[in-house]
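Okay, model-v4.txt is below, compact mmCIF, C-alpha atoms and all ligand atoms:
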```txt
# COMPACT_ATOMS: atom_id res chain seq x y z
CA MET Q 1 -20.21 35.50 -3.14
CA LEU Q 2 -18.60 33.59 -0.28
CA TYR Q 3 -19.89 35.35 2.81
CA PRO Q 4 -22.55 35.10 4.14
CA SER Q 5 -24.10 32.62 1.69
CA GLY Q 6 -21.53 29.85 2.22
CA LEU Q 7 -19.26 28.13 -0.28
CA LEU Q 8 -20.71 25.97 -3.05
CA ASP Q 9 -18.14 26.59 -5.75
CA LEU Q 10 -14.72 28.20 -6.02
CA LYS Q 11 -16.25 30.64 -8.50
CA ASP Q 12 -17.91 32.10 -5.38
CA ILE Q 13 -14.62 33.19 -3.77
CA SER Q 14 -12.02 35.81 -4.67
CA GLU Q 15 -8.22 35.68 -4.40
CA ASN Q 16 -8.37 38.26 -1.62
CA GLN Q 17 -10.89 36.18 0.36
CA ILE Q 18 -8.69 33.08 -0.08
CA ASN Q 19 -5.64 34.99 1.17
CA ILE Q 20 -7.58 36.15 4.24
CA LEU Q 21 -8.76 32.56 4.78
CA PHE Q 22 -5.19 31.20 4.51
CA GLN Q 23 -3.92 33.88 6.94
CA LEU Q 24 -6.55 32.91 9.49
CA SER Q 25 -5.85 29.18 8.91
CA LYS Q 26 -2.15 29.85 9.55
CA LYS Q 27 -2.95 31.78 12.71
CA ILE Q 28 -5.09 28.86 13.94
CA LYS Q 29 -2.27 26.45 13.02
CA GLU Q 30 0.23 28.48 15.03
CA THR Q 31 -2.18 28.75 17.96
CA HIS Q 32 -2.50 24.97 18.02
CA SER Q 33 1.26 24.53 18.13
CA THR Q 34 1.36 24.81 21.91
CA PHE Q 35 -1.15 23.35 24.32
CA ARG Q 36 -1.43 26.47 26.46
CA LYS Q 37 -2.09 28.80 23.53
CA ALA Q 38 -4.63 26.32 22.15
CA GLU Q 39 -6.38 26.14 25.51
CA HIS Q 40 -6.83 29.93 25.66
CA ALA Q 41 -8.00 30.10 22.03
CA LEU Q 42 -10.48 27.28 22.55
CA LYS Q 43 -11.99 28.98 25.62
CA ARG Q 44 -12.43 32.21 23.65
CA GLU Q 45 -13.86 30.59 20.50
CA THR Q 46 -16.11 28.05 22.18
CA SER Q 47 -17.87 30.69 24.28
CA ARG Q 48 -18.76 32.67 21.12
CA TYR Q 49 -20.71 29.80 19.52
CA HIS Q 50 -21.90 28.06 22.69
CA GLY Q 51 -25.35 26.51 22.23
CA LEU Q 52 -25.33 26.90 18.43
CA THR Q 53 -25.40 23.98 16.02
CA ALA Q 54 -24.07 23.04 12.55
CA ALA Q 55 -25.95 20.52 10.38
CA LEU Q 56 -23.54 18.12 8.67
CA LEU Q 57 -25.63 16.31 6.07
CA PHE Q 58 -23.58 13.59 4.41
CA PHE Q 59 -25.83 11.85 1.90
CA GLU Q 60 -22.73 10.08 0.51
CA PRO Q 61 -19.87 8.31 2.36
CA SER Q 62 -16.99 10.25 3.87
CA THR Q 63 -14.32 9.81 6.53
CA ARG Q 64 -11.92 12.76 6.24
CA THR Q 65 -14.29 15.56 5.27
CA ARG Q 66 -16.95 14.64 7.81
CA PHE Q 67 -14.53 14.20 10.73
CA SER Q 68 -12.61 17.29 9.67
CA PHE Q 69 -15.72 19.49 9.72
CA GLU Q 70 -16.88 17.85 12.97
CA THR Q 71 -13.50 18.61 14.54
CA ALA Q 72 -13.52 22.16 13.18
CA CYS Q 73 -17.04 22.73 14.59
CA ALA Q 74 -16.05 21.29 17.99
CA ARG Q 75 -12.97 23.52 18.15
CA ILE Q 76 -15.02 26.67 17.75
CA GLY Q 77 -17.77 25.48 20.10
CA LEU Q 78 -20.38 24.89 17.40
CA HIS Q 79 -22.17 21.62 18.10
CA PRO Q 80 -22.11 19.35 15.01
CA LEU Q 81 -25.32 17.43 14.28
CA VAL Q 82 -24.55 14.70 11.77
CA LEU Q 83 -26.69 12.82 9.26
CA SER Q 84 -24.57 10.10 7.71
CA GLY Q 85 -25.98 8.06 4.82
CA VAL Q 86 -29.44 6.69 4.24
CA GLU Q 87 -29.60 3.89 6.78
CA GLY Q 88 -31.07 4.94 10.10
CA THR Q 89 -32.70 8.07 8.63
CA SER Q 90 -36.10 8.71 7.05
CA LEU Q 91 -34.37 8.79 3.66
CA SER Q 92 -34.66 5.00 3.90
CA LYS Q 93 -38.46 5.46 4.09
CA GLY Q 94 -38.49 7.52 0.89
CA GLU Q 95 -38.14 11.06 2.25
CA SER Q 96 -36.50 13.32 -0.33
CA PHE Q 97 -33.20 15.23 -0.19
CA GLU Q 98 -35.13 18.52 -0.22
CA ASP Q 99 -37.59 17.55 2.52
CA THR Q 100 -34.81 16.20 4.71
CA ILE Q 101 -32.98 19.54 4.48
CA LEU Q 102 -36.13 21.63 5.05
CA ASN Q 103 -36.98 19.66 8.20
CA ILE Q 104 -33.48 20.08 9.58
CA GLN Q 105 -33.58 23.78 8.67
CA ALA Q 106 -36.67 24.10 10.90
CA MET Q 107 -34.41 23.14 13.83
CA ASN Q 108 -32.40 26.28 13.08
CA PRO Q 109 -28.73 25.25 12.71
CA GLU Q 110 -26.33 28.14 12.07
CA ILE Q 111 -24.83 26.55 8.97
CA PHE Q 112 -25.21 23.55 6.66
CA ILE Q 113 -22.33 21.40 5.47
CA ILE Q 114 -23.56 19.07 2.74
CA ARG Q 115 -22.13 16.16 0.76
CA CYS Q 116 -24.38 14.79 -1.97
CA GLY Q 117 -24.46 13.25 -5.44
CA ASP Q 118 -24.74 14.93 -8.84
CA HIS Q 119 -28.46 14.18 -8.96
CA SER Q 120 -29.08 16.43 -5.92
CA ALA Q 121 -29.95 20.04 -6.74
CA LEU Q 122 -27.58 21.52 -4.16
CA ARG Q 123 -27.32 25.00 -5.67
CA GLY Q 124 -31.08 25.37 -6.13
CA MET Q 125 -31.62 24.18 -2.58
CA ALA Q 126 -28.94 26.47 -1.13
CA GLU Q 127 -30.50 29.50 -2.83
CA LYS Q 128 -33.78 28.80 -1.02
CA MET Q 129 -32.18 28.25 2.38
CA LYS Q 130 -32.01 30.78 5.20
CA LYS Q 131 -28.52 29.81 6.41
CA PRO Q 132 -25.14 29.44 4.65
CA VAL Q 133 -24.28 26.19 2.90
CA ILE Q 134 -20.81 24.68 2.41
CA ASN Q 135 -20.28 22.12 -0.34
CA ALA Q 136 -18.47 19.17 1.28
CA GLY Q 137 -18.18 17.26 -2.02
CA TRP Q 138 -20.94 17.42 -4.64
CA GLY Q 139 -20.91 14.56 -7.17
CA LEU Q 140 -18.37 15.26 -9.89
CA GLN Q 141 -19.00 18.99 -9.71
CA GLY Q 142 -16.52 20.04 -7.05
CA HIS Q 143 -14.99 19.69 -3.62
CA PRO Q 144 -13.92 23.28 -2.91
CA THR Q 145 -12.70 22.84 0.67
CA GLN Q 146 -10.47 19.92 -0.40
CA ALA Q 147 -8.79 22.06 -3.07
CA LEU Q 148 -8.44 24.94 -0.60
CA LEU Q 149 -6.84 22.76 2.08
CA ASP Q 150 -4.48 21.22 -0.50
CA ALA Q 151 -3.42 24.68 -1.65
CA PHE Q 152 -3.01 25.91 1.94
CA CYS Q 153 -0.90 22.84 2.77
CA TRP Q 154 1.19 23.29 -0.41
CA GLN Q 155 1.70 27.01 0.28
CA GLU Q 156 2.90 26.19 3.80
CA GLN Q 157 5.52 23.90 2.22
CA ILE Q 158 6.80 26.04 -0.64
CA GLY Q 159 5.48 29.61 -0.27
CA ASP Q 160 3.67 31.56 -3.00
CA LEU Q 161 1.89 29.23 -5.43
CA ARG Q 162 1.91 31.61 -8.41
CA GLY Q 163 3.70 29.94 -11.33
CA ARG Q 164 4.03 26.58 -9.54
CA ARG Q 165 3.10 23.47 -11.50
CA LEU Q 166 0.81 20.75 -10.13
CA LEU Q 167 0.47 17.47 -12.04
CA ILE Q 168 -2.77 15.64 -11.22
CA ILE Q 169 -2.40 11.92 -11.98
CA GLY Q 170 -5.08 9.30 -12.50
CA ASP Q 171 -8.83 9.28 -12.71
CA ILE Q 172 -9.32 12.96 -13.54
CA LYS Q 173 -12.62 12.45 -15.34
CA HIS Q 174 -14.34 11.21 -12.18
CA SER Q 175 -12.64 13.58 -9.76
CA ARG Q 176 -14.40 16.53 -8.15
CA VAL Q 177 -11.06 17.36 -6.52
CA ALA Q 178 -9.42 17.77 -9.95
CA ALA Q 179 -12.39 19.91 -11.04
CA SER Q 180 -11.94 22.19 -8.01
CA HIS Q 181 -8.18 22.49 -8.57
CA GLY Q 182 -8.97 23.53 -12.14
CA GLU Q 183 -10.98 26.43 -10.67
CA LEU Q 184 -8.62 27.26 -7.81
CA SER Q 185 -5.50 27.31 -10.01
CA LYS Q 186 -7.05 30.09 -12.09
CA ILE Q 187 -7.57 32.19 -8.94
CA LEU Q 188 -4.23 31.53 -7.20
CA GLY Q 189 -2.08 31.43 -10.37
CA TYR Q 190 -0.64 27.92 -10.19
CA GLU Q 191 -0.62 25.71 -13.26
CA VAL Q 192 -2.45 22.41 -13.45
CA ALA Q 193 -1.84 19.58 -15.93
CA PHE Q 194 -3.34 16.10 -16.05
CA CYS Q 195 -1.71 12.71 -16.57
CA GLY Q 196 -3.38 9.34 -17.12
CA PRO Q 197 -4.85 7.00 -19.70
CA SER Q 198 -7.16 8.55 -22.29
CA GLU Q 199 -10.28 6.97 -20.75
CA PHE Q 200 -9.55 8.86 -17.49
CA MET Q 201 -9.14 12.26 -19.16
CA PRO Q 202 -11.86 14.92 -19.19
CA GLU Q 203 -13.11 16.14 -22.56
CA SER Q 204 -12.18 19.76 -21.84
CA ASP Q 205 -8.98 21.09 -23.44
CA HIS Q 206 -8.41 23.81 -20.84
CA PHE Q 207 -5.50 21.95 -19.24
CA HIS Q 208 -2.43 20.26 -20.70
CA LYS Q 209 -2.67 16.46 -20.72
CA PHE Q 210 0.38 14.20 -20.43
CA LYS Q 211 0.03 10.60 -21.48
CA SER Q 212 3.44 9.67 -20.08
CA LEU Q 213 4.26 9.89 -16.37
CA GLU Q 214 7.91 10.55 -17.26
CA GLU Q 215 7.03 13.74 -19.17
CA GLY Q 216 4.48 14.83 -16.58
CA ILE Q 217 6.77 14.41 -13.60
CA THR Q 218 9.59 16.21 -15.42
CA TRP Q 219 7.23 19.17 -15.96
CA ALA Q 220 5.78 19.27 -12.40
CA HIS Q 221 6.87 20.95 -9.17
CA SER Q 222 4.45 18.76 -7.17
CA ILE Q 223 2.05 15.93 -7.90
CA MET Q 224 -1.42 14.96 -6.76
CA VAL Q 225 -2.37 11.31 -7.16
CA LEU Q 226 -6.05 10.39 -7.35
CA ARG Q 227 -7.96 7.26 -6.49
CA VAL Q 228 -9.25 5.17 -9.37
CA GLN Q 229 -12.98 5.53 -8.72
CA LEU Q 230 -14.07 2.07 -9.84
CA GLU Q 231 -17.62 2.71 -8.62
CA ARG Q 232 -18.04 5.55 -11.15
CA HIS Q 233 -16.78 3.66 -14.23
CA ALA Q 234 -19.45 2.52 -16.66
CA GLN Q 235 -16.98 0.22 -18.45
CA LYS Q 236 -14.54 -2.21 -16.88
CA ILE Q 237 -10.98 -0.93 -17.01
CA SER Q 238 -7.69 -2.82 -16.84
CA LEU Q 239 -6.12 -2.11 -13.46
CA ASP Q 240 -2.98 -4.07 -14.43
CA SER Q 241 -2.33 -1.74 -17.35
CA TYR Q 242 -3.05 1.29 -15.14
CA LYS Q 243 -0.61 0.11 -12.46
CA THR Q 244 2.11 -0.58 -15.03
CA HIS Q 245 1.94 2.91 -16.53
CA TYR Q 246 0.72 5.21 -13.76
CA GLN Q 247 1.22 3.72 -10.28
CA ILE Q 248 3.58 5.82 -8.17
CA GLY Q 249 6.05 3.55 -6.43
CA LYS Q 250 9.74 3.23 -5.53
CA LYS Q 251 10.95 3.75 -9.11
CA TRP Q 252 9.29 7.16 -9.30
CA LEU Q 253 10.29 8.12 -5.76
CA GLN Q 254 13.93 7.70 -6.83
CA LYS Q 255 13.42 9.96 -9.85
CA MET Q 256 11.50 12.73 -8.10
CA PRO Q 257 13.35 15.77 -6.72
CA GLU Q 258 13.60 16.19 -2.94
CA THR Q 259 11.44 19.31 -3.10
CA MET Q 260 8.49 17.64 -4.81
CA CYS Q 261 5.37 17.32 -2.63
CA ILE Q 262 3.18 14.27 -3.18
CA PHE Q 263 -0.49 14.89 -2.44
CA HIS Q 264 -3.48 12.56 -2.37
CA PRO Q 265 -6.92 13.74 -1.20
CA GLY Q 266 -7.77 10.25 0.12
CA PRO Q 267 -9.02 7.64 0.42
CA VAL Q 268 -5.93 5.89 -1.00
CA ASN Q 269 -6.14 2.50 -2.67
CA TYR Q 270 -2.61 1.27 -1.95
CA GLY Q 271 -1.55 -1.22 -4.58
CA ILE Q 272 -3.44 0.62 -7.35
CA GLU Q 273 -2.54 4.31 -7.73
CA LEU Q 274 0.18 4.23 -5.05
CA ASP Q 275 2.63 1.68 -3.72
CA GLN Q 276 2.58 1.47 0.10
CA ALA Q 277 6.22 2.70 0.09
CA VAL Q 278 5.01 6.20 -0.84
CA SER Q 279 3.17 6.68 2.47
CA GLY Q 280 6.46 6.61 4.40
CA ASP Q 281 8.31 8.96 2.05
CA PRO Q 282 9.03 12.41 3.57
CA ARG Q 283 7.63 14.08 0.43
CA SER Q 284 4.18 12.54 1.06
CA GLN Q 285 1.74 15.10 2.41
CA PHE Q 286 -1.28 12.89 3.05
CA MET Q 287 -1.52 13.34 6.82
CA ASN Q 288 -0.32 16.93 6.53
CA GLN Q 289 -3.25 17.61 4.17
CA VAL Q 290 -5.68 16.18 6.71
CA GLU Q 291 -4.17 18.25 9.52
CA HIS Q 292 -4.27 21.46 7.45
CA GLY Q 293 -7.84 20.60 6.48
CA VAL Q 294 -9.10 21.08 10.01
CA TRP Q 295 -7.40 24.51 10.34
CA LEU Q 296 -8.68 25.62 6.96
CA ARG Q 297 -12.25 24.48 7.71
CA GLN Q 298 -12.15 26.07 11.14
CA ALA Q 299 -11.12 29.36 9.49
CA LEU Q 300 -13.82 28.99 6.83
CA LEU Q 301 -16.54 28.37 9.42
CA GLN Q 302 -15.41 31.39 11.42
CA LYS Q 303 -15.34 33.64 8.36
CA ILE Q 304 -18.76 32.53 7.14
CA LEU Q 305 -20.31 32.84 10.60
CA GLU Q 306 -18.79 36.33 11.04
CA GLY Q 307 -20.50 37.23 7.77
CA VAL Q 308 -23.95 36.20 8.94
CA LYS Q 309 -23.80 37.85 12.35
N1 LIG H 1 -10.88 13.70 0.64
C1 LIG H 1 -12.13 13.29 0.94
O1 LIG H 1 -13.12 13.90 0.53
O2 LIG H 1 -12.19 12.17 1.72
P1 LIG H 1 -13.54 11.57 2.30
O3 LIG H 1 -14.35 11.04 1.13
O4 LIG H 1 -13.14 10.50 3.25
O5 LIG H 1 -14.27 12.69 2.97
```
Show me, as structure tokens, the structure contained in the file I just sent.
Ligand code: CP
Amino acid sequence: MLYPSGLLDLKDISENQINILFQLSKKIKETHSTFRKAEHALKRETSRYHGLTAALLFFEPSTRTRFSFETACARIGLHPLVLSGVEGTSLSKGESFEDTILNIQAMNPEIFIIRCGDHSALRGMAEKMKKPVINAGWGLQGHPTQALLDAFCWQEQIGDLRGRRLLIIGDIKHSRVAASHGELSKILGYEVAFCGPSEFMPESDHFHKFKSLEEGITWAHSIMVLRVQLERHAQKISLDSYKTHYQIGKKWLQKMPETMCIFHPGPVNYGIELDQAVSGDPRSQFMNQVEHGVWLRQALLQKILEGVK
């Protein structure tokens, strides 16, 4: 259930709840299109949550997700309190994940937004907590708000996603974003297929796998390129071979239709999965994804907080 317990997994949310979330995100987007409208909306929203706090606990590194949630909190008047990494916190003195959260819970934030590794028992912890918890990226298990913001951004570009085909290229095996799109595609009715070398493919056979980029791009309506997560590879891989067969660069830009969106959840390693030329292509949605992420997260916070009041 999404509200009021938070959002740990896309299995927790229904198609109807996602549609309501996207409608509110769109309304927020439109409100922010003019300064005067935004000013009125901000005054209204910030007074509602004035004096309340959100605990953003980022046990692993982040730029986009952390700033996006901080911005979303600030825009609704919820004060974000941020723990970022181990250094400078009592985690560096050996305090546990669980004890850190329990101590911060005693300070009574309205909501928790947590990024952590696979070894952290996020679900077990969330079930014991008094306030809602949002998963802001949990190991390899999932990154639900990233998939939601991608889908919202894509829908804003092309309309209804049902029957649309998204090719996810690269290091699928180590991607929580790919895992969450696997879940979200089943709810919203878009198709997902994977493309990359066999050592980057998940074991599951639930999704079609293309070995060749040519075949995959011919099949797809839009593509999502993923970072090669070198830090998660147990064995050394050949980046030269990867770049030769799977890097998206000028050659592929020339072959792709004008209507094809190119997504990347970030951070991008230019020169590995993408050539720098892609960032300037009008089909690239990278900054658009980030922008839509704030609206989507603002809507999600509002919906969850409405549920607990
Ligand atoms: N997309 C994403 O999760 O980026 P960050 O790791 O910078 O938050």
- Query: Taking all atoms listed in the file into account, which of Q:Cys261, Q:Ile134, Q:Leu167, Q:Ile272 comes nearest Thr244 of chain Q?
  - Reply: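 Of all the options, Q:Ile272 lies closest to Thr244 of chain Q.
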- Counting only C-alpha atoms and all ligand atoms, the residue of Q:Tyr49, Q:Phe22, Q:Phe112, Q:Phe59 that sits nearest ligand LIG 1 (chain H):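 For ligand LIG 1 (chain H), the nearest of the given residues is Q:Phe59.
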- Set the cut-off to 8 Å, count all atoms listed in the file, and list whatever residues fall near ligand LIG 1 (chain H) as a PyMOL selection string. chain Q and resi 61-67+136-137+143+146+265-267
Kindly compute an axis-aligned box around the listed atoms of segment 251-260 of chain Q, allowing 6 Å on each side, and express its centre and edge lengths in Å to one decimal as AutoDock Vina command-line options.
```
--center_x 11.2 --center_y 11.5 --center_z -6.4 --size_x 17.4 --size_y 27.6 --size_z 18.9
```
Give me the segment 119-177 of chain Q side of the contact with segment 281-294 of chain Q, cut-off 8 Å, one line per residue showing its nearest atom pair and distance in Å at one decimal, counting all atoms listed in the file, sorted by chain and residue number, as JSON lines.
```
{"residue": "Q:Thr145", "atom": "CA", "partner": "Q:Gly293", "partner_atom": "CA", "distance": 7.9}
{"residue": "Q:Gln146", "atom": "CA", "partner": "Q:Gly293", "partner_atom": "CA", "distance": 7.4}
{"residue": "Q:Leu149", "atom": "CA", "partner": "Q:Gly293", "partner_atom": "CA", "distance": 5.0}
{"residue": "Q:Asp150", "atom": "CA", "partner": "Q:Gln289", "partner_atom": "CA", "distance": 6.0}
{"residue": "Q:Phe152", "atom": "CA", "partner": "Q:His292", "partner_atom": "CA", "distance": 7.2}
{"residue": "Q:Cys153", "atom": "CA", "partner": "Q:Gln289", "partner_atom": "CA", "distance": 5.9}
```
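Taking only C-alpha atoms into account, Arg123 of chain Q lies nearest to Q:Gln141 out of the set Q:Asn108, Q:Ser198, Q:Ser222, Q:Gln141.
In this model, the gap between atom CA of Ile114 of chain Q and atom CA of Pro144 of chain Q comes to 11.9 Å.
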- Query: Of the candidates Q:Asp171, Q:Glu127, Q:Glu98, Q:Glu30, which one gets nearest to Arg227 of chain Q if we count all atoms listed in the file?
  - Reply: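 Of Q:Asp171, Q:Glu127, Q:Glu98, Q:Glu30, the one nearest Arg227 of chain Q, counting all atoms listed in the file, is Q:Asp171.
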Applying 10 Å and all atoms listed in the file, which residues near Phe69 of chain Q remain after dropping the ones on its own chain fewer than 5 positions away? List them as a compact mmCIF listing (two decimals) with C-alpha atoms, in the coordinates of the input.
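The file below, around.txt, is the result:
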```txt
# COMPACT_ATOMS: atom_id res chain seq x y z
CA ALA Q 54 -24.07 23.04 12.55
CA LEU Q 56 -23.54 18.12 8.67
CA ARG Q 64 -11.92 12.76 6.24
CA ALA Q 74 -16.05 21.29 17.99
CA ARG Q 75 -12.97 23.52 18.15
CA PRO Q 80 -22.11 19.35 15.01
CA ILE Q 113 -22.33 21.40 5.47
CA ALA Q 136 -18.47 19.17 1.28
CA GLY Q 293 -7.84 20.60 6.48
CA VAL Q 294 -9.10 21.08 10.01
CA TRP Q 295 -7.40 24.51 10.34
CA LEU Q 296 -8.68 25.62 6.96
CA ARG Q 297 -12.25 24.48 7.71
CA GLN Q 298 -12.15 26.07 11.14
CA LEU Q 301 -16.54 28.37 9.42
```
- Give me, please, the distance in Å between atom CA of Phe194 of chain Q and atom CA of Phe58 of chain Q, quoted to one decimal.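 The value is 28.9 Å.
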- Query: When you draw a straight line from atom CA of Ser14 of chain Q to atom CA of Ala147 of chain Q, how long is it in Å?
  - Reply: 14.2 Å
- Query: Looking at Q:Ile217, Q:Leu57, Q:Ile237, Q:Val268, which one is nearest to Leu253 of chain Q, with distances taken over only C-alpha atoms?
  - Reply: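 That would be Q:Ile217, the residue with the smallest distance to Leu253 of chain Q.
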- Pick the closest to Ile304 of chain Q from Q:Val82, Q:Ala277, Q:Leu7, Q:Ala179: which is it, counting only C-alpha atoms?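 Using only C-alpha atoms, Ile304 of chain Q sits closest to Q:Leu7.
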- Message: Excluding Ile169 of chain Q and its own-chain neighbours fewer than 6 positions away, which residues fall within 7 Å of it when counting all atoms listed in the file? Please give them as an MDAnalysis selection string.
- Response: chainID Q and resid 194:196 224:226
- Query: Could you pull the residues within 9 Å of Gly51 of chain Q, counting only C-alpha atoms, minus those fewer than 3 positions along the same chain, as an MDAnalysis selection string?
  - Reply: chainID Q and resid 47 77:79
